[in-house]
>>> print(open('entry_16.txt').read())   # compact mmCIF, C-alpha atoms
# COMPACT_ATOMS: atom_id res chain seq x y z
CA MET X 265 -10.14 -49.27 -3.25
CA HIS X 266 -8.30 -51.09 -0.47
CA ALA X 267 -5.06 -49.64 0.93
CA LEU X 268 -1.98 -51.73 0.31
CA SER X 269 -0.05 -53.23 3.21
CA LEU X 270 3.64 -52.45 3.66
CA ASN X 271 4.57 -55.85 2.21
CA SER X 272 2.28 -55.26 -0.76
CA ARG X 273 3.80 -51.83 -1.42
CA ARG X 274 7.27 -53.36 -1.33
CA ARG X 275 6.11 -56.09 -3.70
CA VAL X 276 4.73 -53.49 -6.13
CA ALA X 277 7.94 -51.46 -6.04
CA ALA X 278 10.03 -54.53 -6.76
CA LEU X 279 7.69 -55.63 -9.54
CA LEU X 280 7.89 -52.23 -11.22
CA ALA X 281 11.68 -52.37 -11.06
CA VAL X 282 11.59 -55.65 -12.94
CA VAL X 283 8.78 -54.99 -15.38
CA GLY X 284 9.11 -51.25 -15.88
CA ALA X 285 12.04 -51.55 -18.24
CA SER X 286 10.10 -54.19 -20.14
CA LEU X 287 7.18 -51.85 -20.73
CA ALA X 288 9.55 -49.11 -21.88
CA GLY X 289 11.04 -51.41 -24.50
CA GLY X 290 14.67 -52.32 -24.89
CA CYS X 291 16.76 -54.46 -27.19
CA GLY X 292 17.76 -57.39 -24.99
CA LEU X 293 18.14 -60.91 -26.30
CA PHE X 294 14.62 -61.90 -25.28
CA SER X 295 13.00 -59.13 -27.31
CA GLU X 296 14.16 -60.85 -30.49
CA PRO X 297 11.73 -63.08 -32.41
CA GLY X 298 12.19 -66.83 -32.61
CA LEU X 299 12.28 -67.66 -28.89
CA ILE X 300 9.90 -70.17 -27.33
CA VAL X 301 9.21 -70.30 -23.59
CA HIS X 302 7.88 -73.51 -22.07
CA ALA X 303 7.99 -75.68 -18.95
CA VAL X 304 10.38 -78.63 -18.65
CA GLY X 305 10.63 -81.50 -16.18
CA GLU X 306 8.25 -83.79 -14.35
CA GLU X 307 4.96 -82.39 -13.06
CA GLY X 308 5.56 -81.04 -9.56
CA GLU X 309 9.19 -80.16 -10.38
CA ARG X 310 8.89 -78.16 -13.60
CA ASP X 311 11.07 -75.18 -14.51
CA ILE X 312 10.61 -72.40 -17.05
CA ALA X 313 12.96 -72.71 -20.02
CA VAL X 314 13.57 -70.78 -23.23
CA VAL X 315 14.66 -72.36 -26.50
CA GLN X 316 15.49 -70.89 -29.89
CA THR X 317 13.70 -72.16 -32.98
CA ASP X 318 16.83 -74.08 -33.99
CA GLY X 319 16.65 -76.07 -30.74
CA THR X 320 19.40 -74.18 -28.90
CA GLU X 321 18.54 -73.68 -25.24
CA VAL X 322 18.88 -70.11 -23.95
CA PRO X 323 20.37 -69.85 -20.42
CA THR X 324 18.02 -68.33 -17.84
CA THR X 325 18.02 -67.93 -14.06
CA LEU X 326 14.39 -68.95 -13.57
CA ALA X 327 14.98 -72.45 -12.14
CA HIS X 328 13.46 -73.05 -8.69
CA ASP X 329 12.66 -75.94 -6.35
CA GLY X 330 8.92 -75.38 -6.77
CA ASP X 331 6.70 -76.34 -9.69
CA ASP X 332 6.81 -73.55 -12.33
CA PHE X 333 4.52 -73.88 -15.36
CA GLY X 334 2.11 -72.11 -17.72
CA PRO X 335 4.57 -69.44 -18.98
CA VAL X 336 3.31 -66.64 -21.23
CA TRP X 337 5.45 -64.02 -22.97
CA SER X 338 4.63 -60.36 -22.44
CA PRO X 339 3.71 -58.61 -25.72
CA ASN X 340 7.24 -57.23 -26.18
CA ARG X 341 8.91 -60.51 -25.10
CA GLN X 342 10.79 -58.82 -22.26
CA SER X 343 8.89 -60.45 -19.38
CA ILE X 344 7.33 -63.82 -18.64
CA ALA X 345 4.20 -64.40 -16.57
CA PHE X 346 3.90 -67.91 -15.15
CA LEU X 347 2.32 -70.00 -12.41
CA SER X 348 4.23 -71.50 -9.50
CA ASP X 349 3.69 -73.20 -6.15
CA ARG X 350 7.12 -72.12 -4.89
CA ASP X 351 5.52 -70.34 -1.90
CA GLY X 352 3.05 -73.10 -1.07
CA ASN X 353 0.09 -72.23 -3.30
CA VAL X 354 -0.20 -71.86 -7.06
CA GLU X 355 0.15 -68.10 -7.60
CA LEU X 356 0.88 -65.80 -10.53
CA TYR X 357 4.47 -64.57 -10.94
CA VAL X 358 6.26 -62.19 -13.31
CA ALA X 359 9.95 -62.20 -14.19
CA ARG X 360 12.29 -60.41 -16.52
CA ALA X 361 13.08 -62.96 -19.20
CA ASP X 362 16.81 -62.20 -19.14
CA GLY X 363 17.07 -63.10 -15.46
CA GLY X 364 16.89 -61.23 -12.18
CA THR X 365 14.30 -61.37 -9.43
CA VAL X 366 11.14 -63.42 -9.85
CA LEU X 367 8.26 -61.52 -8.29
CA ARG X 368 4.89 -62.65 -7.01
CA ALA X 369 1.92 -60.82 -8.55
CA THR X 370 -0.89 -62.53 -6.57
CA ASN X 371 -1.17 -63.64 -2.97
CA THR X 372 -4.57 -65.27 -2.63
CA GLY X 373 -3.80 -68.68 -1.15
CA VAL X 374 -5.78 -70.38 -3.92
CA ALA X 375 -4.75 -71.77 -7.29
CA GLU X 376 -4.58 -69.15 -10.04
CA SER X 377 -4.68 -70.23 -13.70
CA GLN X 378 -5.03 -69.02 -17.31
CA PRO X 379 -2.82 -65.88 -17.19
CA THR X 380 -3.11 -63.55 -20.17
CA TRP X 381 -1.40 -60.20 -20.84
CA SER X 382 -3.05 -56.96 -21.90
CA PRO X 383 -1.71 -55.77 -25.28
CA GLU X 384 0.20 -52.93 -23.59
CA GLY X 385 1.86 -55.38 -21.19
CA ASP X 386 0.86 -53.36 -18.12
CA ARG X 387 -1.97 -55.64 -16.90
CA LEU X 388 -2.68 -59.33 -16.45
CA ALA X 389 -5.99 -61.18 -16.44
CA TYR X 390 -6.28 -64.60 -14.84
CA THR X 391 -8.71 -67.13 -13.39
CA SER X 392 -9.00 -67.69 -9.64
CA PRO X 393 -11.48 -69.78 -7.62
CA ASP X 394 -13.82 -68.09 -5.15
CA ALA X 395 -14.65 -69.34 -1.64
CA ASP X 396 -16.92 -72.00 -3.15
CA GLY X 397 -14.23 -73.17 -5.56
CA LYS X 398 -15.95 -71.68 -8.61
CA PRO X 399 -13.59 -70.06 -11.14
CA GLN X 400 -13.80 -66.28 -11.54
CA ILE X 401 -11.82 -63.94 -13.79
CA TYR X 402 -9.77 -61.15 -12.27
CA TRP X 403 -7.36 -58.61 -13.68
CA LEU X 404 -4.66 -56.47 -12.08
CA ARG X 405 -2.33 -53.65 -13.01
CA LEU X 406 1.34 -54.31 -12.49
CA SER X 407 1.57 -50.81 -11.00
CA ASP X 408 -0.48 -51.69 -7.91
CA LEU X 409 -1.30 -55.46 -7.97
CA ILE X 410 -4.87 -54.79 -6.82
CA PRO X 411 -7.15 -57.57 -8.16
CA HIS X 412 -10.38 -56.52 -9.87
CA ARG X 413 -13.12 -59.05 -10.57
CA LEU X 414 -14.11 -58.78 -14.22
CA GLN X 415 -17.88 -59.15 -13.75
CA PHE X 416 -20.55 -60.43 -11.35
CA ARG X 417 -23.40 -61.50 -13.62
CA SER X 418 -22.62 -65.17 -14.18
CA GLU X 419 -22.17 -68.03 -11.74
CA SER X 420 -18.54 -68.29 -12.78
CA GLU X 421 -16.35 -67.61 -15.79
CA VAL X 422 -13.18 -68.92 -17.45
CA ASP X 423 -10.97 -68.58 -20.54
CA PRO X 424 -10.07 -64.84 -20.45
CA ALA X 425 -8.74 -63.47 -23.75
CA TRP X 426 -7.66 -59.83 -24.06
CA SER X 427 -8.43 -58.18 -27.40
CA PRO X 428 -5.41 -56.84 -29.35
CA LYS X 429 -6.52 -53.22 -28.80
CA GLY X 430 -7.27 -53.77 -25.12
CA VAL X 431 -10.94 -52.79 -25.43
CA TRP X 432 -12.45 -56.16 -24.52
CA ILE X 433 -11.79 -59.28 -22.52
CA ALA X 434 -13.62 -62.24 -24.05
CA PHE X 435 -14.62 -65.05 -21.70
CA ALA X 436 -16.91 -68.04 -21.25
CA SER X 437 -19.67 -68.04 -18.61
CA LEU X 438 -20.41 -71.24 -16.68
CA ASP X 439 -23.50 -72.40 -14.80
CA ALA X 440 -23.48 -73.93 -11.31
CA GLU X 441 -22.55 -77.34 -12.77
CA GLY X 442 -19.63 -75.92 -14.75
CA ASN X 443 -21.33 -76.09 -18.15
CA SER X 444 -20.67 -73.29 -20.61
CA GLN X 445 -23.55 -70.87 -21.09
CA GLY X 446 -21.94 -68.86 -23.88
CA LEU X 447 -19.35 -66.19 -24.58
CA SER X 448 -19.29 -62.53 -23.57
CA LEU X 449 -17.15 -59.45 -24.09
CA ARG X 450 -16.40 -57.19 -21.12
CA ASN X 451 -14.65 -53.82 -21.09
CA PRO X 452 -12.33 -54.00 -18.05
CA ASP X 453 -12.05 -50.20 -17.94
CA GLY X 454 -15.79 -49.54 -17.90
CA VAL X 455 -19.20 -51.13 -17.55
CA ASP X 456 -19.84 -52.31 -21.11
CA GLU X 457 -20.60 -56.01 -21.44
CA LEU X 458 -21.92 -57.80 -24.51
CA ARG X 459 -23.27 -61.33 -24.67
CA ILE X 460 -22.12 -62.72 -28.01
CA SER X 461 -23.39 -66.30 -27.79
CA ASP X 462 -25.81 -68.41 -25.76
CA SER X 463 -24.41 -71.79 -26.81
CA PRO X 464 -21.96 -74.17 -25.08
CA ASP X 465 -18.90 -72.25 -26.32
CA ARG X 466 -15.39 -72.14 -24.82
CA SER X 467 -11.79 -71.10 -25.49
CA PRO X 468 -12.19 -67.73 -27.28
CA VAL X 469 -9.05 -66.56 -29.12
CA TRP X 470 -8.67 -63.16 -30.82
CA SER X 471 -7.13 -62.86 -34.27
CA PRO X 472 -3.99 -60.66 -34.25
CA ASP X 473 -5.82 -57.95 -36.21
CA GLY X 474 -8.58 -57.90 -33.58
CA LYS X 475 -11.35 -58.40 -36.15
CA LYS X 476 -12.26 -62.03 -35.45
CA LEU X 477 -12.80 -64.34 -32.52
CA ALA X 478 -12.23 -68.09 -32.87
CA PHE X 479 -13.72 -70.45 -30.31
CA VAL X 480 -14.73 -74.05 -29.63
CA SER X 481 -18.41 -74.95 -29.55
CA GLU X 482 -20.56 -78.01 -28.95
CA ARG X 483 -23.70 -76.33 -30.29
CA ASP X 484 -23.96 -78.95 -33.05
CA GLY X 485 -23.30 -81.99 -30.89
CA ASP X 486 -19.51 -82.27 -30.82
CA GLN X 487 -16.52 -79.95 -30.46
CA GLU X 488 -16.01 -77.85 -33.58
CA ILE X 489 -14.12 -74.63 -34.41
CA TYR X 490 -16.14 -71.48 -35.10
CA VAL X 491 -15.24 -67.89 -35.98
CA LEU X 492 -17.18 -64.71 -35.26
CA ASP X 493 -16.39 -61.35 -36.87
CA VAL X 494 -16.04 -58.57 -34.28
CA ASP X 495 -15.50 -54.81 -34.38
CA GLU X 496 -14.98 -52.31 -31.53
CA ARG X 497 -18.74 -52.24 -30.89
CA GLY X 498 -19.15 -56.00 -30.69
CA PRO X 499 -20.03 -58.94 -32.95
CA VAL X 500 -20.74 -58.51 -36.65
CA GLY X 501 -23.11 -61.07 -38.17
CA SER X 502 -23.36 -64.68 -37.07
CA ALA X 503 -20.65 -67.16 -36.17
CA ARG X 504 -19.51 -69.47 -38.97
CA ARG X 505 -18.54 -73.08 -38.49
CA LEU X 506 -15.06 -73.94 -39.81
CA THR X 507 -14.83 -77.67 -39.10
CA ARG X 508 -17.29 -80.50 -39.67
CA HIS X 509 -16.20 -83.84 -38.27
CA PRO X 510 -17.59 -86.23 -35.64
CA GLY X 511 -14.27 -86.07 -33.78
CA ARG X 512 -13.21 -83.33 -31.35
CA ASP X 513 -11.64 -80.18 -32.83
CA PHE X 514 -10.25 -77.82 -30.20
CA ALA X 515 -7.37 -75.56 -29.00
CA PRO X 516 -7.60 -72.99 -31.85
CA GLN X 517 -4.73 -70.54 -32.42
CA TRP X 518 -4.44 -67.86 -35.11
CA SER X 519 -1.80 -67.39 -37.79
CA PRO X 520 0.12 -64.08 -37.66
CA ASP X 521 -1.79 -62.75 -40.70
CA SER X 522 -5.20 -63.58 -39.14
CA LYS X 523 -6.16 -65.72 -42.15
CA ARG X 524 -5.77 -69.27 -40.83
CA ILE X 525 -6.30 -71.22 -37.64
CA VAL X 526 -4.27 -74.13 -36.30
CA PHE X 527 -6.01 -76.57 -33.98
CA LEU X 528 -5.87 -80.05 -32.49
CA SER X 529 -8.20 -82.86 -33.56
CA ASP X 530 -8.78 -86.49 -32.63
CA ARG X 531 -10.37 -87.29 -35.99
CA GLY X 532 -7.49 -89.68 -36.75
CA GLU X 533 -5.82 -92.40 -34.69
CA SER X 534 -4.60 -89.84 -32.17
CA LEU X 535 -4.49 -86.08 -31.59
CA ASP X 536 -3.13 -84.36 -34.70
CA VAL X 537 -2.35 -80.79 -35.82
CA LEU X 538 -4.52 -79.29 -38.57
CA THR X 539 -5.04 -75.85 -40.08
CA VAL X 540 -8.03 -74.27 -41.83
CA SER X 541 -8.79 -70.88 -43.35
CA ASP X 542 -10.93 -68.40 -41.43
CA GLN X 543 -13.69 -69.15 -43.96
CA GLY X 544 -13.63 -72.89 -43.27
CA LYS X 545 -11.78 -73.78 -46.49
CA ASP X 546 -8.45 -75.41 -47.39
CA LEU X 547 -8.25 -77.86 -44.46
CA ARG X 548 -4.69 -79.20 -44.07
CA GLU X 549 -3.40 -82.05 -41.89
CA LEU X 550 0.11 -81.17 -40.71
CA THR X 551 0.55 -84.36 -38.69
CA ARG X 552 -1.00 -87.78 -39.20
CA ASN X 553 0.22 -90.58 -36.94
CA ASN X 554 -0.61 -92.51 -33.77
CA ILE X 555 1.48 -90.16 -31.60
CA PRO X 556 -0.60 -87.57 -29.72
CA GLU X 557 0.08 -83.87 -30.23
CA VAL X 558 -1.13 -82.17 -27.05
CA ALA X 559 -0.47 -78.41 -27.39
CA VAL X 560 0.05 -76.05 -30.31
CA ARG X 561 0.97 -72.42 -31.02
CA TRP X 562 1.48 -70.42 -34.25
CA GLY X 563 4.72 -68.41 -34.21
CA GLY X 564 5.40 -64.95 -35.56
CA ASP X 565 7.60 -66.28 -38.37
CA GLY X 566 4.76 -68.35 -39.85
CA ARG X 567 5.84 -71.69 -38.41
CA ILE X 568 3.92 -73.74 -35.87
CA VAL X 569 5.31 -75.15 -32.62
CA PHE X 570 3.60 -78.08 -30.96
CA VAL X 571 4.15 -80.56 -28.15
CA SER X 572 4.20 -84.22 -29.17
CA GLU X 573 4.66 -87.39 -27.16
CA PRO X 574 6.71 -89.88 -29.21
CA GLY X 575 7.51 -93.05 -27.27
CA GLY X 576 5.82 -91.61 -24.19
CA LEU X 577 8.40 -88.81 -23.95
CA SER X 578 7.15 -85.30 -24.69
CA ALA X 579 9.05 -83.04 -27.07
CA LEU X 580 8.76 -79.68 -28.80
CA PHE X 581 8.48 -79.76 -32.59
CA ILE X 582 8.32 -77.02 -35.21
CA VAL X 583 6.42 -77.56 -38.44
CA ASP X 584 6.47 -75.41 -41.56
CA PRO X 585 3.18 -74.68 -43.36
CA ASP X 586 4.12 -77.38 -45.90
CA GLY X 587 4.31 -80.00 -43.14
CA THR X 588 8.11 -80.22 -42.77
CA GLN X 589 8.89 -81.01 -39.12
CA GLN X 590 11.91 -80.41 -36.88
CA GLN X 591 12.29 -81.70 -33.32
CA LEU X 592 13.59 -79.03 -30.94
CA THR X 593 13.63 -80.58 -27.47
CA SER X 594 12.72 -83.57 -25.35
CA GLY X 595 11.55 -83.77 -21.77
CA VAL X 596 8.61 -81.38 -22.06
CA PRO X 597 5.81 -82.22 -19.59
CA PRO X 598 2.62 -83.54 -21.20
CA ARG X 599 0.11 -80.87 -22.24
CA SER X 600 2.54 -78.02 -21.65
CA GLN X 601 1.42 -75.01 -23.73
CA PRO X 602 4.43 -73.29 -25.32
CA SER X 603 4.41 -69.51 -25.74
CA TRP X 604 6.04 -68.00 -28.82
>>> encode(input="entry_16.txt", output="structure tokens")
Amino acid sequence: MHALSLNSRRRVAALLAVVGASLAGGCGLFSEPGLIVHAVGEEGERDIAVVQTDGTEVPTTLAHDGDDFGPVWSPNRQSIAFLSDRDGNVELYVARADGGTVLRATNTGVAESQPTWSPEGDRLAYTSPDADGKPQIYWLRLSDLIPHRLQFRSESEVDPAWSPKGVWIAFASLDAEGNSQGLSLRNPDGVDELRISDSPDRSPVWSPDGKKLAFVSERDGDQEIYVLDVDERGPVGSARRLTRHPGRDFAPQWSPDSKRIVFLSDRGESLDVLTVSDQGKDLRELTRNNIPEVAVRWGGDGRIVFVSEPGGLSALFIVDPDGTQQQLTSGVPPRSQPSW
């Protein structure tokens, strides 16, 4: 293990001061349900913002001259991890959601991406390019900020997804041309690694109960949604196909009860929001129009938040399971993924 420099030790101490209270809990405003974090503004000048599910903006002190984007709530909603080029390169940052110092968690000089929290909120996994520009997955503890490469077996890997119990990180392996070679599970605390598919699969997402893994696959010729049952020892049975349409189905996200999946599809005139059961039944179209929906997330209260682009201007919408919609904001950058 490499010794930390004086600046790194100072950075760790400051980070613990900010995040430590978050890990211990607390009852601040941002620990309450019903708050959505997202990026607002033009690309290159985005800021992190928080909005309530009734559309009321929550004041924060996270605005900065740099480009801040890709925010992700910590599990207890006390901290926000996000990406920013405020120091010249796109690095990973962590901030207390109720304000205070924004602290830099990586210092690589290359563009980090795809941050994801461990279920305990004490670690972050992310994707970072190597010297050849190939994406690799790393993880770090907030207590020391030392990056650990997840594995060395594949050419490169992307799409890290931490299991709800923290046992596994699911990811997609890529070949030298950037094509998916399948999905694997890796134990970040040990040496266990399981190959769970050998097909062109991407975007693994764990169900909240940790018993299922949804993902996107092109194994049958086009992008479809699949689900694989998983226990603590690995996959159980074979993956089942949930969608069957010549269009692209992608960006799966689970419902809070782990029984349904919301996803985006271009099977209509534009990108729309659909849901389906984890058995591939009861397909529902929540939007149907010529306005593209470009990002989607299922909230803890059972409603779905998505980014739409009416009239060329992006906005956050909330939709109930019955399809009733409510516009929350405008001015959201295209393809911004909200975190709820």
>>> residues_around(input="entry_16.txt", residues="Ser382 in chain X", least_positions_apart="2", cutoff="9 Å", atoms="all atoms listed in the file", output="ChimeraX atom specification")
/X:338-339,380,384-389,425-430
>>> closest_residue(input="entry_16.txt", among="X:Leu409, X:Leu577, X:Val571, X:Val422", to="Tyr390 in chain X", atoms="only C-alpha atoms")
X:Val422
>>> closest_residue(input="entry_16.txt", among="X:Thr372, X:Thr365, X:Thr324, X:Asn340", to="Gly352 in chain X", atoms="all atoms listed in the file")
X:Thr372
>>> residues_around(input="entry_16.txt", residues="Val583 in chain X", least_positions_apart="4", cutoff="12 Å", atoms="only C-alpha atoms", output="list in words")
Thr317, Asp318, Val526, Val537, Leu538, Thr539, Glu549, Leu550, Thr551, Val560, Arg561, Trp562, Gly563, Asp565, Gly566, Arg567, Ile568, Val569, Phe570, Val571, Ser572, Gly587, Thr588, Gln589, Gln590, Gln591 and Leu592 of chain X
>>> residues_around(input="entry_16.txt", residues="range 455-470 of chain X", least_positions_apart="2", cutoff="6 Å", atoms="all atoms listed in the file", output="count of residues only")
19
>>> atom_distance(input="entry_16.txt", atom1="CA of Glu321 in chain X", atom2="CA of Gln378 in chain X")
25.3 Å
>>> atom_distance(input="entry_16.txt", atom1="CA of Ala559 in chain X", atom2="CA of Val494 in chain X")
26.1 Å
>>> atom_distance(input="entry_16.txt", atom1="CA of Lys475 in chain X", atom2="CA of Val491 in chain X")
10.3 Å
>>> residues_near_point(input="entry_16.txt", point="(0.4, -64.4, -5.0)", cutoff="10 Å", atoms="all atoms listed in the file", output="PyMOL selection string")
chain X and resi 347-349+351-357+367-376+409
>>> write_last_selection(input="entry_16.txt", atoms="C-alpha atoms", output="PDB file, in the coordinates of the input")
ATOM      1  CA  LEU X 347       2.320 -70.000 -12.410  1.00  0.00           C
ATOM      2  CA  SER X 348       4.230 -71.500  -9.500  1.00  0.00           C
ATOM      3  CA  ASP X 349       3.690 -73.200  -6.150  1.00  0.00           C
ATOM      4  CA  ASP X 351       5.520 -70.340  -1.900  1.00  0.00           C
ATOM      5  CA  GLY X 352       3.050 -73.100  -1.070  1.00  0.00           C
ATOM      6  CA  ASN X 353       0.090 -72.230  -3.300  1.00  0.00           C
ATOM      7  CA  VAL X 354      -0.200 -71.860  -7.060  1.00  0.00           C
ATOM      8  CA  GLU X 355       0.150 -68.100  -7.600  1.00  0.00           C
ATOM      9  CA  LEU X 356       0.880 -65.800 -10.530  1.00  0.00           C
ATOM     10  CA  TYR X 357       4.470 -64.570 -10.940  1.00  0.00           C
ATOM     11  CA  LEU X 367       8.260 -61.520  -8.290  1.00  0.00           C
ATOM     12  CA  ARG X 368       4.890 -62.650  -7.010  1.00  0.00           C
ATOM     13  CA  ALA X 369       1.920 -60.820  -8.550  1.00  0.00           C
ATOM     14  CA  THR X 370      -0.890 -62.530  -6.570  1.00  0.00           C
ATOM     15  CA  ASN X 371      -1.170 -63.640  -2.970  1.00  0.00           C
ATOM     16  CA  THR X 372      -4.570 -65.270  -2.630  1.00  0.00           C
ATOM     17  CA  GLY X 373      -3.800 -68.680  -1.150  1.00  0.00           C
ATOM     18  CA  VAL X 374      -5.780 -70.380  -3.920  1.00  0.00           C
ATOM     19  CA  ALA X 375      -4.750 -71.770  -7.290  1.00  0.00           C
ATOM     20  CA  GLU X 376      -4.580 -69.150 -10.040  1.00  0.00           C
ATOM     21  CA  LEU X 409      -1.300 -55.460  -7.970  1.00  0.00           C
TER      22      LEU X 409
END
>>> residues_around(input="entry_16.txt", residues="range 543-547 of chain X", least_positions_apart="6", cutoff="7 Å", atoms="all atoms listed in the file", output="list of chain:residue names")
X:Arg505, X:Leu506, X:Thr507
>>> write_last_selection(input="entry_16.txt", atoms="C-alpha atoms", output="mmCIF file, in the frame of the given file")
data_model
loop_
_atom_site.group_PDB
_atom_site.id
_atom_site.type_symbol
_atom_site.label_atom_id
_atom_site.label_comp_id
_atom_site.auth_asym_id
_atom_site.auth_seq_id
_atom_site.Cartn_x
_atom_site.Cartn_y
_atom_site.Cartn_z
ATOM 1 C CA ARG X 505 -18.540 -73.080 -38.490
ATOM 2 C CA LEU X 506 -15.060 -73.940 -39.810
ATOM 3 C CA THR X 507 -14.830 -77.670 -39.100
#
>>> closest_residue(input="entry_16.txt", among="X:Pro556, X:Pro452, X:Gly330, X:Pro510", to="Val431 in chain X", atoms="only C-alpha atoms")
X:Pro452
>>> residues_near_point(input="entry_16.txt", point="(12.8, -77.9, -12.4)", cutoff="8 Å", atoms="all atoms listed in the file", output="MDAnalysis selection string")
chainID X and resid 304:306 309:312 327:332
>>> write_last_selection(input="entry_16.txt", atoms="C-alpha atoms", output="compact mmCIF listing (two decimals), keeping the file's coordinate frame")
# COMPACT_ATOMS: atom_id res chain seq x y z
CA VAL X 304 10.38 -78.63 -18.65
CA GLY X 305 10.63 -81.50 -16.18
CA GLU X 306 8.25 -83.79 -14.35
CA GLU X 309 9.19 -80.16 -10.38
CA ARG X 310 8.89 -78.16 -13.60
CA ASP X 311 11.07 -75.18 -14.51
CA ILE X 312 10.61 -72.40 -17.05
CA ALA X 327 14.98 -72.45 -12.14
CA HIS X 328 13.46 -73.05 -8.69
CA ASP X 329 12.66 -75.94 -6.35
CA GLY X 330 8.92 -75.38 -6.77
CA ASP X 331 6.70 -76.34 -9.69
CA ASP X 332 6.81 -73.55 -12.33
>>> closest_residue(input="entry_16.txt", among="X:Phe514, X:Trp337, X:Leu326, X:Val540", to="Val301 in chain X", atoms="only C-alpha atoms")
X:Trp337
